[in-house]
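The file work.txt comes next; it holds compact mmCIF, C-alpha atoms.
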```
# COMPACT_ATOMS: atom_id res chain seq x y z
CA MET A 3 -4.76 8.42 -39.70
CA THR A 4 -8.22 6.97 -40.33
CA SER A 5 -9.94 5.78 -37.17
CA LEU A 6 -11.46 2.32 -37.10
CA PRO A 7 -15.26 2.05 -37.04
CA GLU A 8 -17.04 1.37 -33.80
CA PRO A 9 -17.86 -2.28 -33.03
CA THR A 10 -20.99 -3.52 -34.73
CA VAL A 11 -24.06 -4.35 -32.67
CA GLY A 12 -26.65 -6.12 -34.78
CA ARG A 13 -26.61 -6.10 -38.57
CA PRO A 14 -24.06 -3.77 -40.18
CA VAL A 15 -24.96 -1.25 -42.85
CA PRO A 16 -23.86 -2.21 -46.38
CA GLY A 17 -20.11 -1.88 -46.85
CA GLN A 18 -19.36 -1.34 -43.14
CA LEU A 19 -16.25 -3.12 -41.85
CA THR A 20 -15.81 -4.08 -38.20
CA PHE A 21 -12.26 -4.75 -37.04
CA GLN A 22 -12.75 -4.24 -33.30
CA ALA A 23 -14.87 -6.95 -31.74
CA PRO A 24 -17.49 -5.83 -29.21
CA ARG A 25 -16.25 -6.28 -25.66
CA ARG A 26 -17.94 -9.06 -23.74
CA GLY A 27 -17.01 -11.15 -20.74
CA LYS A 28 -13.92 -13.25 -21.38
CA PRO A 29 -14.35 -17.02 -21.75
CA PRO A 30 -13.03 -19.05 -18.80
CA ARG A 31 -9.32 -19.83 -18.95
CA HIS A 32 -8.67 -23.22 -20.52
CA LEU A 33 -5.66 -25.48 -20.90
CA ALA A 34 -5.76 -24.95 -24.69
CA ASP A 35 -5.29 -21.19 -24.25
CA LEU A 36 -1.90 -21.80 -22.66
CA THR A 37 1.53 -22.92 -23.81
CA PRO A 38 2.99 -25.98 -22.04
CA ALA A 39 5.09 -23.69 -19.81
CA GLU A 40 2.06 -21.55 -18.98
CA ARG A 41 0.05 -24.66 -18.10
CA LYS A 42 2.71 -25.79 -15.65
CA ALA A 43 2.74 -22.34 -14.04
CA ALA A 44 -1.07 -22.29 -13.84
CA VAL A 45 -1.16 -25.69 -12.14
CA GLU A 46 1.50 -24.61 -9.63
CA GLU A 47 -0.40 -21.39 -8.91
CA LEU A 48 -3.36 -23.56 -7.98
CA GLY A 49 -1.17 -25.35 -5.45
CA HIS A 50 -0.49 -28.56 -7.38
CA LYS A 51 2.66 -30.22 -8.67
CA GLY A 52 3.72 -28.94 -12.08
CA PHE A 53 3.64 -32.37 -13.73
CA ARG A 54 -0.14 -32.40 -13.35
CA ALA A 55 -0.23 -30.05 -16.37
CA LYS A 56 1.22 -32.78 -18.58
CA GLN A 57 -1.33 -35.26 -17.24
CA LEU A 58 -4.18 -32.89 -18.02
CA SER A 59 -2.78 -32.25 -21.51
CA THR A 60 -2.59 -35.98 -22.16
CA HIS A 61 -6.21 -36.47 -21.15
CA TYR A 62 -7.43 -33.56 -23.27
CA PHE A 63 -5.37 -33.72 -26.46
CA GLU A 64 -4.39 -37.39 -26.67
CA ARG A 65 -6.99 -39.43 -24.83
CA LEU A 66 -9.88 -37.02 -25.56
CA VAL A 67 -11.23 -37.61 -22.07
CA GLU A 68 -14.08 -35.42 -20.80
CA SER A 69 -15.06 -36.92 -17.45
CA PRO A 70 -12.84 -36.35 -14.39
CA GLU A 71 -13.70 -39.89 -13.27
CA GLU A 72 -11.70 -41.26 -16.20
CA MET A 73 -8.58 -39.32 -15.21
CA THR A 74 -7.50 -41.95 -12.73
CA ASP A 75 -3.85 -40.83 -12.60
CA LEU A 76 -4.99 -37.62 -10.87
CA PRO A 77 -5.59 -37.76 -7.10
CA LYS A 78 -9.30 -38.23 -6.50
CA ALA A 79 -9.36 -35.40 -3.97
CA VAL A 80 -8.26 -32.76 -6.53
CA ARG A 81 -9.58 -34.21 -9.79
CA ASP A 82 -12.83 -32.27 -10.00
CA GLN A 83 -11.23 -28.97 -9.05
CA LEU A 84 -8.35 -29.32 -11.52
CA VAL A 85 -10.79 -30.04 -14.33
CA ALA A 86 -13.03 -27.14 -13.32
CA ASP A 87 -10.05 -24.77 -13.22
CA LEU A 88 -8.27 -25.82 -16.42
CA LEU A 89 -10.74 -27.83 -18.51
CA PRO A 90 -13.98 -25.83 -18.16
CA THR A 91 -16.85 -26.37 -20.58
CA LEU A 92 -16.47 -23.97 -23.51
CA LEU A 93 -19.01 -25.18 -26.08
CA THR A 94 -22.51 -26.30 -25.21
CA PRO A 95 -24.30 -28.18 -28.03
CA VAL A 96 -27.53 -26.58 -29.21
CA ARG A 97 -28.32 -28.89 -32.10
CA THR A 98 -26.68 -31.06 -34.76
CA LEU A 99 -27.86 -31.51 -38.34
CA GLU A 100 -26.88 -34.32 -40.71
CA ALA A 101 -26.41 -34.46 -44.47
CA ASP A 102 -24.78 -36.76 -47.02
CA ARG A 103 -26.08 -39.91 -45.30
CA GLY A 104 -24.53 -38.81 -42.02
CA ALA A 105 -21.08 -38.05 -43.47
CA THR A 106 -21.60 -34.29 -42.92
CA LEU A 107 -22.49 -32.97 -39.47
CA LYS A 108 -23.21 -29.32 -38.71
CA SER A 109 -23.05 -28.41 -35.03
CA VAL A 110 -24.50 -25.25 -33.50
CA TRP A 111 -22.73 -24.31 -30.26
CA ARG A 112 -23.59 -21.88 -27.47
CA LEU A 113 -20.60 -20.16 -25.88
CA HIS A 114 -20.40 -19.18 -22.20
CA ASP A 115 -21.99 -15.77 -22.85
CA GLY A 116 -24.81 -17.03 -25.06
CA ALA A 117 -23.12 -16.27 -28.38
CA LEU A 118 -23.72 -18.90 -31.06
CA VAL A 119 -21.20 -20.40 -33.48
CA GLU A 120 -21.15 -23.30 -35.92
CA SER A 121 -18.74 -25.92 -37.18
CA VAL A 122 -19.11 -28.50 -39.95
CA LEU A 123 -17.51 -31.95 -39.82
CA MET A 124 -17.12 -33.86 -43.11
CA ARG A 125 -15.86 -37.37 -43.78
CA TYR A 126 -14.30 -37.97 -47.17
CA PRO A 127 -13.00 -41.30 -48.45
CA ARG A 128 -9.43 -40.63 -47.32
CA ARG A 129 -9.63 -37.77 -44.86
CA VAL A 130 -11.84 -36.04 -42.34
CA THR A 131 -12.17 -32.27 -42.54
CA ILE A 132 -13.69 -29.84 -40.09
CA CYS A 133 -14.65 -26.31 -41.01
CA ILE A 134 -14.25 -24.26 -37.82
CA SER A 135 -15.30 -20.82 -36.64
CA SER A 136 -12.89 -18.23 -35.25
CA GLN A 137 -15.41 -15.49 -34.41
CA ALA A 138 -19.05 -15.38 -33.42
CA GLY A 139 -20.34 -13.65 -36.52
CA CYS A 140 -18.06 -11.72 -38.86
CA GLY A 141 -17.18 -8.07 -39.38
CA MET A 142 -16.22 -8.30 -43.05
CA ASN A 143 -19.81 -7.81 -44.29
CA CYS A 144 -19.66 -9.63 -47.63
CA PRO A 145 -23.24 -9.25 -48.97
CA PHE A 146 -23.56 -12.82 -50.31
CA CYS A 147 -22.50 -14.44 -46.99
CA ALA A 148 -25.02 -15.11 -44.23
CA THR A 149 -22.33 -14.84 -41.54
CA GLY A 150 -21.12 -11.46 -42.77
CA GLN A 151 -24.64 -10.09 -42.94
CA ALA A 152 -25.23 -11.00 -39.30
CA GLY A 153 -22.41 -8.75 -38.07
CA LEU A 154 -19.71 -9.44 -35.49
CA THR A 155 -20.71 -10.56 -32.00
CA ARG A 156 -17.23 -11.24 -30.57
CA ASN A 157 -13.87 -12.90 -31.07
CA MET A 158 -13.45 -16.49 -29.95
CA SER A 159 -10.62 -17.60 -27.68
CA ALA A 160 -7.90 -19.96 -28.86
CA ALA A 161 -9.37 -22.72 -26.70
CA GLU A 162 -12.89 -22.20 -28.09
CA ILE A 163 -11.44 -22.60 -31.58
CA VAL A 164 -9.46 -25.72 -30.63
CA GLU A 165 -12.38 -27.29 -28.78
CA GLN A 166 -14.28 -27.60 -32.07
CA VAL A 167 -11.55 -29.92 -33.36
CA VAL A 168 -11.23 -31.86 -30.10
CA ASP A 169 -15.00 -32.42 -30.05
CA ALA A 170 -14.83 -33.65 -33.64
CA ASN A 171 -12.16 -36.17 -32.67
CA ARG A 172 -14.38 -37.38 -29.86
CA LYS A 173 -17.27 -37.80 -32.30
CA LEU A 174 -15.06 -39.84 -34.61
CA ARG A 175 -13.88 -42.01 -31.73
CA HIS A 176 -17.49 -42.72 -30.79
CA GLY A 177 -18.54 -43.52 -34.37
CA ALA A 178 -20.67 -40.44 -35.00
CA LEU A 179 -19.65 -40.40 -38.68
CA PRO A 180 -20.18 -43.50 -40.82
CA ALA A 181 -17.15 -45.50 -41.93
CA ILE A 182 -16.73 -45.49 -45.70
CA GLY A 183 -14.47 -47.27 -48.14
CA ALA A 184 -11.17 -45.39 -48.15
CA THR A 185 -10.24 -46.61 -51.61
CA HIS A 186 -13.59 -46.36 -53.40
CA PRO A 187 -14.73 -42.71 -53.43
CA ALA A 188 -17.06 -43.25 -56.38
CA GLU A 189 -18.80 -46.11 -54.58
CA ALA A 190 -19.03 -44.03 -51.42
CA GLY A 191 -20.72 -41.27 -53.41
CA LEU A 192 -19.18 -38.57 -51.27
CA GLY A 193 -16.65 -37.08 -53.65
CA ASP A 194 -13.17 -36.09 -52.58
CA GLU A 195 -11.52 -32.85 -51.60
CA THR A 196 -9.50 -30.74 -53.97
CA ASP A 197 -6.07 -29.16 -53.82
CA GLN A 198 -4.82 -31.36 -50.99
CA ASP A 199 -1.55 -33.17 -50.50
CA THR A 200 -1.60 -36.75 -51.76
CA VAL A 201 -2.76 -39.26 -49.18
CA ASP A 202 -1.63 -42.88 -49.23
CA ALA A 203 -4.86 -44.79 -48.75
CA SER A 204 -2.93 -47.89 -47.68
CA THR A 205 -1.86 -46.10 -44.50
CA GLU A 206 -5.42 -45.32 -43.46
CA PRO A 207 -7.42 -47.66 -41.23
CA SER A 208 -10.40 -49.47 -42.68
CA GLY A 209 -13.32 -47.05 -42.91
CA GLY A 210 -11.16 -43.95 -43.13
CA PRO A 211 -9.27 -41.78 -40.61
CA GLN A 212 -10.34 -41.93 -36.98
CA ARG A 213 -9.13 -38.40 -36.26
CA VAL A 214 -9.56 -35.07 -38.02
CA SER A 215 -6.88 -34.80 -40.69
CA ASN A 216 -7.76 -31.39 -42.15
CA VAL A 217 -8.87 -28.17 -40.47
CA VAL A 218 -10.14 -25.22 -42.48
CA PHE A 219 -10.66 -21.77 -40.97
CA MET A 220 -13.63 -21.20 -43.26
CA GLY A 221 -16.45 -21.19 -40.74
CA MET A 222 -17.81 -18.10 -39.05
CA GLY A 223 -15.47 -15.15 -38.86
CA GLU A 224 -12.33 -13.69 -40.40
CA ALA A 225 -9.56 -15.48 -38.53
CA LEU A 226 -6.88 -12.91 -39.35
CA ALA A 227 -9.04 -10.27 -37.63
CA ASN A 228 -8.73 -12.42 -34.48
CA TYR A 229 -5.06 -13.01 -35.10
CA LYS A 230 -3.64 -13.84 -31.67
CA ALA A 231 -6.30 -16.43 -30.87
CA ALA A 232 -6.17 -17.97 -34.35
CA ILE A 233 -2.39 -18.40 -34.23
CA GLY A 234 -2.63 -19.77 -30.69
CA ALA A 235 -5.17 -22.30 -31.93
CA ILE A 236 -2.94 -23.33 -34.85
CA ARG A 237 -0.06 -23.90 -32.45
CA ARG A 238 -2.25 -26.07 -30.21
CA LEU A 239 -3.38 -28.05 -33.24
CA THR A 240 0.19 -28.62 -34.44
CA ASP A 241 2.07 -28.96 -31.14
CA PRO A 242 3.27 -32.57 -30.73
CA SER A 243 1.07 -34.79 -28.58
CA PRO A 244 0.39 -34.57 -25.69
CA ASP A 245 1.10 -30.81 -25.67
CA GLY A 246 -1.28 -30.45 -28.63
CA LEU A 247 -3.11 -32.49 -31.21
CA GLY A 248 0.04 -33.22 -33.24
CA MET A 249 -1.54 -32.34 -36.58
CA SER A 250 0.46 -31.49 -39.68
CA ALA A 251 0.42 -27.78 -40.51
CA ARG A 252 -0.05 -28.86 -44.12
CA GLY A 253 -3.51 -30.11 -43.20
CA ILE A 254 -4.60 -26.68 -41.96
CA THR A 255 -6.03 -23.98 -44.23
CA MET A 256 -6.25 -20.35 -43.17
CA SER A 257 -8.87 -18.47 -45.16
CA THR A 258 -8.99 -14.68 -45.42
CA VAL A 259 -10.87 -12.09 -47.41
CA GLY A 260 -7.59 -10.24 -47.85
CA LEU A 261 -6.35 -8.54 -44.68
CA VAL A 262 -2.93 -7.75 -46.11
CA PRO A 263 -1.18 -6.93 -42.80
CA GLY A 264 -2.55 -10.18 -41.37
CA ILE A 265 -1.30 -12.20 -44.34
CA ASP A 266 2.16 -10.68 -43.89
CA LYS A 267 2.12 -11.48 -40.17
CA LEU A 268 1.13 -15.05 -40.96
CA THR A 269 4.00 -15.24 -43.45
CA ALA A 270 6.43 -14.20 -40.72
CA GLU A 271 5.16 -16.96 -38.36
CA GLY A 272 6.82 -19.62 -40.51
CA ILE A 273 3.99 -22.12 -40.03
CA PRO A 274 3.43 -23.91 -43.37
CA VAL A 275 -0.37 -23.84 -43.37
CA THR A 276 -2.23 -23.37 -46.64
CA LEU A 277 -3.38 -19.82 -47.32
CA ALA A 278 -6.76 -19.43 -49.02
CA LEU A 279 -7.61 -15.98 -50.37
CA SER A 280 -11.34 -15.35 -50.85
CA LEU A 281 -11.11 -13.14 -53.93
CA HIS A 282 -14.48 -13.43 -55.72
CA ALA A 283 -13.63 -10.76 -58.30
CA PRO A 284 -10.44 -9.83 -60.18
CA ASP A 285 -11.36 -6.16 -60.66
CA ASP A 286 -11.54 -3.53 -57.94
CA GLU A 287 -14.83 -2.04 -59.07
CA LEU A 288 -16.79 -5.25 -58.48
CA ARG A 289 -14.74 -6.50 -55.54
CA ASP A 290 -15.38 -3.25 -53.65
CA GLU A 291 -19.05 -4.32 -53.65
CA LEU A 292 -18.66 -8.07 -53.11
CA VAL A 293 -15.81 -7.98 -50.58
CA PRO A 294 -15.83 -4.64 -48.73
CA ILE A 295 -12.29 -5.15 -47.36
CA ASN A 296 -11.25 -4.30 -50.94
CA THR A 297 -11.91 -0.65 -50.09
CA ARG A 298 -8.87 -0.92 -47.77
CA TRP A 299 -6.59 -3.32 -49.69
CA LYS A 300 -7.14 -3.67 -53.42
CA VAL A 301 -7.04 -6.84 -55.55
CA ASP A 302 -3.39 -6.43 -56.55
CA GLU A 303 -2.32 -5.73 -52.96
CA ALA A 304 -4.07 -8.91 -51.75
CA LEU A 305 -2.57 -10.99 -54.56
CA ASP A 306 0.90 -9.57 -53.89
CA ALA A 307 0.59 -10.51 -50.20
CA ALA A 308 -0.55 -14.01 -51.16
CA TYR A 309 2.42 -14.38 -53.49
CA ARG A 310 4.79 -13.25 -50.72
CA TYR A 311 3.29 -16.00 -48.58
CA TYR A 312 4.04 -18.55 -51.28
CA GLU A 313 7.59 -17.29 -51.70
CA ALA A 314 8.28 -17.54 -47.96
CA THR A 315 6.62 -20.89 -47.28
CA GLY A 316 6.65 -22.73 -50.60
CA ARG A 317 2.99 -23.53 -49.96
CA ARG A 318 0.70 -23.16 -52.96
CA VAL A 319 -2.02 -20.57 -52.34
CA SER A 320 -5.70 -21.27 -53.00
CA ILE A 321 -7.88 -18.59 -54.57
CA GLU A 322 -11.52 -18.99 -53.53
CA TYR A 323 -14.02 -17.61 -56.04
CA ALA A 324 -17.78 -17.85 -55.43
CA LEU A 325 -19.43 -17.93 -58.87
CA ILE A 326 -22.49 -15.65 -58.90
CA LYS A 327 -24.84 -15.68 -61.88
CA ASP A 328 -24.33 -12.68 -64.16
CA ILE A 329 -22.29 -10.87 -61.50
CA ASN A 330 -18.72 -12.20 -61.48
CA ASP A 331 -18.85 -15.22 -63.79
CA HIS A 332 -18.06 -13.47 -67.08
CA ALA A 333 -15.43 -14.99 -69.37
CA TRP A 334 -13.48 -11.73 -69.43
CA ARG A 335 -13.21 -11.83 -65.64
CA ALA A 336 -11.81 -15.36 -65.82
CA ASP A 337 -9.25 -14.08 -68.32
CA LEU A 338 -8.39 -11.09 -66.15
CA LEU A 339 -7.94 -13.33 -63.10
CA GLY A 340 -5.76 -15.72 -65.10
CA GLU A 341 -3.62 -12.84 -66.38
CA LYS A 342 -3.11 -11.40 -62.90
CA LEU A 343 -2.11 -14.77 -61.45
CA VAL A 344 0.26 -15.70 -64.29
CA ALA A 345 1.90 -12.26 -64.11
CA ARG A 346 3.15 -13.15 -60.63
CA GLY A 347 4.65 -16.49 -61.61
CA LYS A 348 3.86 -20.12 -62.31
CA GLY A 349 3.05 -22.96 -59.95
CA TRP A 350 2.20 -20.73 -56.98
CA VAL A 351 -1.57 -20.82 -57.02
CA HIS A 352 -4.67 -22.96 -57.44
CA VAL A 353 -8.18 -21.60 -58.06
CA ASN A 354 -11.27 -23.07 -56.40
CA PRO A 355 -14.46 -21.77 -58.05
CA ILE A 356 -17.38 -22.33 -55.66
CA PRO A 357 -21.00 -22.47 -56.86
CA LEU A 358 -22.73 -19.80 -54.78
CA ASN A 359 -24.69 -21.35 -51.95
CA PRO A 360 -28.16 -19.90 -51.31
CA THR A 361 -28.69 -17.69 -48.27
CA PRO A 362 -31.95 -16.20 -46.93
CA GLY A 363 -32.96 -13.01 -48.69
CA SER A 364 -30.05 -13.05 -51.14
CA LYS A 365 -30.66 -11.47 -54.54
CA TRP A 366 -27.95 -13.64 -56.11
CA THR A 367 -27.84 -17.24 -57.29
CA ALA A 368 -25.22 -19.69 -58.52
CA SER A 369 -23.91 -19.50 -62.08
CA ARG A 370 -25.36 -21.77 -64.73
CA HIS A 371 -23.38 -24.98 -65.18
CA GLY A 372 -22.26 -24.10 -68.70
CA VAL A 373 -21.02 -20.68 -67.58
CA GLU A 374 -19.21 -22.28 -64.65
CA GLN A 375 -17.49 -24.73 -66.98
CA GLN A 376 -16.46 -21.96 -69.36
CA PHE A 377 -14.99 -19.99 -66.44
CA VAL A 378 -12.95 -23.03 -65.42
CA GLU A 379 -11.74 -23.67 -68.97
CA ARG A 380 -10.65 -20.05 -69.39
CA LEU A 381 -8.52 -20.24 -66.26
CA ARG A 382 -7.01 -23.56 -67.30
CA ALA A 383 -6.18 -22.05 -70.69
CA HIS A 384 -3.92 -19.62 -68.80
CA GLY A 385 -2.18 -22.59 -67.16
CA ILE A 386 -3.91 -22.10 -63.79
CA PRO A 387 -4.85 -25.35 -61.99
CA THR A 388 -8.58 -24.98 -61.33
CA THR A 389 -10.99 -27.28 -59.51
CA VAL A 390 -14.63 -26.58 -58.69
CA ARG A 391 -15.07 -26.89 -54.94
CA ASP A 392 -17.09 -29.84 -53.71
CA THR A 393 -20.16 -28.40 -51.94
CA ARG A 394 -21.15 -30.31 -48.85
CA GLY A 395 -23.97 -29.59 -46.44
CA SER A 396 -25.86 -26.97 -48.45
CA ASP A 397 -29.18 -28.65 -47.58
CA ILE A 398 -28.49 -28.05 -43.87
CA ASP A 399 -27.08 -24.52 -44.39
CA GLY A 400 -23.64 -25.90 -43.66
CA ALA A 401 -21.85 -24.94 -46.87
CA CYS A 402 -19.59 -21.96 -47.61
CA GLY A 403 -21.29 -18.66 -46.78
CA GLN A 404 -24.30 -20.24 -45.11
CA LEU A 405 -23.25 -20.41 -41.45
CA ALA A 406 -25.49 -18.14 -39.43
CA ALA A 407 -25.82 -20.02 -36.12
CA ALA A 408 -29.55 -20.50 -36.49
CA THR A 409 -31.27 -22.39 -33.68
CA SER A 410 -34.56 -23.04 -35.44
```
Go through the file and emit its structure as structure tokens.
Amino acid sequence: MTSLPEPTVGRPVPGQLTFQAPRRGKPPRHLADLTPAERKAAVEELGHKGFRAKQLSTHYFERLVESPEEMTDLPKAVRDQLVADLLPTLLTPVRTLEADRGATLKSVWRLHDGALVESVLMRYPRRVTICISSQAGCGMNCPFCATGQAGLTRNMSAAEIVEQVVDANRKLRHGALPAIGATHPAEAGLGDETDQDTVDASTEPSGGPQRVSNVVFMGMGEALANYKAAIGAIRRLTDPSPDGLGMSARGITMSTVGLVPGIDKLTAEGIPVTLALSLHAPDDELRDELVPINTRWKVDEALDAAYRYYEATGRRVSIEYALIKDINDHAWRADLLGEKLVARGKGWVHVNPIPLNPTPGSKWTASRHGVEQQFVERLRAHGIPTTVRDTRGSDIDGACGQLAAATS
């Protein structure tokens, strides 16, 4: 049996994978780490009536309240202590950057131990998406990704993951993102997302949704390498209010570089989130270099696991493919990818080519527009639905592959 590598401290050597997160002090226990039953038990252990757990959950998940003074249904004598014990501060803002006329916000957060993470909040004409982090850093070491090149600092807790979404809802409530015309995306100039379930604009309030409608685990980290916390976070996001945020699982996307055992575990959970496989190359020779996890689980193994997910959930899988000039954007690679996908069936997959976003010191750049278009047309010729991913926030290092938790 091959032993796992030691946890990374600092930048990893090329090709090194880190599955075991470095051990650091645990984040403080938070309501969002616990199931409703565990919250009740925790409140009772603190010497309070069990129903106080439901009150705290209502304030946190439904009312989005931060200040104990606003929790007037809690006895004044115990309010501060209850909040300190079960709603401790998890994310401290370091700085926020804006793009797209304020419709994209990138937040840099400091965790309790000084680790830094980032999240990106984006308003579209008919939905609001947040790209969240699940680890501080990443151990998957993809050479074109700033996060992967930084190495893995530690896993995040379920509550630290959830808090990014709760904070985003608070921002929306307080008008931090501009309201835009929900029925006029061209006029808004902000584009729209791809490969999403149809949204009835007539059901949305004027100016767009007032809560996050879509969550993508595409920020810092490989969520399936922090499996327990990631699944706990998904359950908090989808638990009915006030036990959770009451989101639809169909609005949540779990991205992975291809941890096959993790994909199979996710399949067994029976939660109909969207699976996004970051493939980036259809052949093992190149993918070994671009996505080092391929040295453990090859292209066909990752695609087979993704297809098993589709078979079990009925949810169409997204294939993420960063187009890199003269590296993986060849027409024959588009054909090979199309052939591999079609060989597994029809209607099970959608491909999202992504123009490579620049990162400091990278030797690679995005494909030329004509090459990108040819790649798309080749895939479509195989009958594969293909949509180039809308790139938001690249000018504030907030786009795919750019998150590095910089503070300057």
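Nearest to A:Ile163 of all the residues A:Gly234, A:Gly141, A:Gly363, A:Gly385 is A:Gly234, counting all atoms listed in the file.
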So that I can check the surroundings of A:Tyr312, please list as a short mmCIF file (atom, residue, chain, number, x, y, z; two decimals) with C-alpha atoms, keeping the file's coordinate frame every protein, DNA and RNA residue that reaches within 10 Å of it, counting only C-alpha atoms and ignoring chain neighbours fewer than 3 positions away.
```
data_model
loop_
_atom_site.label_atom_id
_atom_site.label_comp_id
_atom_site.auth_asym_id
_atom_site.auth_seq_id
_atom_site.Cartn_x
_atom_site.Cartn_y
_atom_site.Cartn_z
CA THR A 269 4.00 -15.24 -43.45
CA PRO A 274 3.43 -23.91 -43.37
CA THR A 276 -2.23 -23.37 -46.64
CA LEU A 277 -3.38 -19.82 -47.32
CA ASP A 306 0.90 -9.57 -53.89
CA ALA A 307 0.59 -10.51 -50.20
CA ALA A 308 -0.55 -14.01 -51.16
CA TYR A 309 2.42 -14.38 -53.49
CA THR A 315 6.62 -20.89 -47.28
CA GLY A 316 6.65 -22.73 -50.60
CA ARG A 317 2.99 -23.53 -49.96
CA ARG A 318 0.70 -23.16 -52.96
CA VAL A 319 -2.02 -20.57 -52.34
CA GLY A 349 3.05 -22.96 -59.95
CA TRP A 350 2.20 -20.73 -56.98
CA VAL A 351 -1.57 -20.82 -57.02
#
```
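Contact shell of stretch 285-288 of chain A at 7 Å (only C-alpha atoms; same-chain neighbours under 4 positions omitted): A:Leu292, A:Lys300, A:Val301.
Between atom CA of A:Gln57 and atom CA of A:Met73 lies a distance of 8.6 Å.
Each of A:His32, A:Arg129, A:Arg237, A:His332 was compared to A:Arg380 using all atoms listed in the file, and A:His332 turns out to be the nearest.
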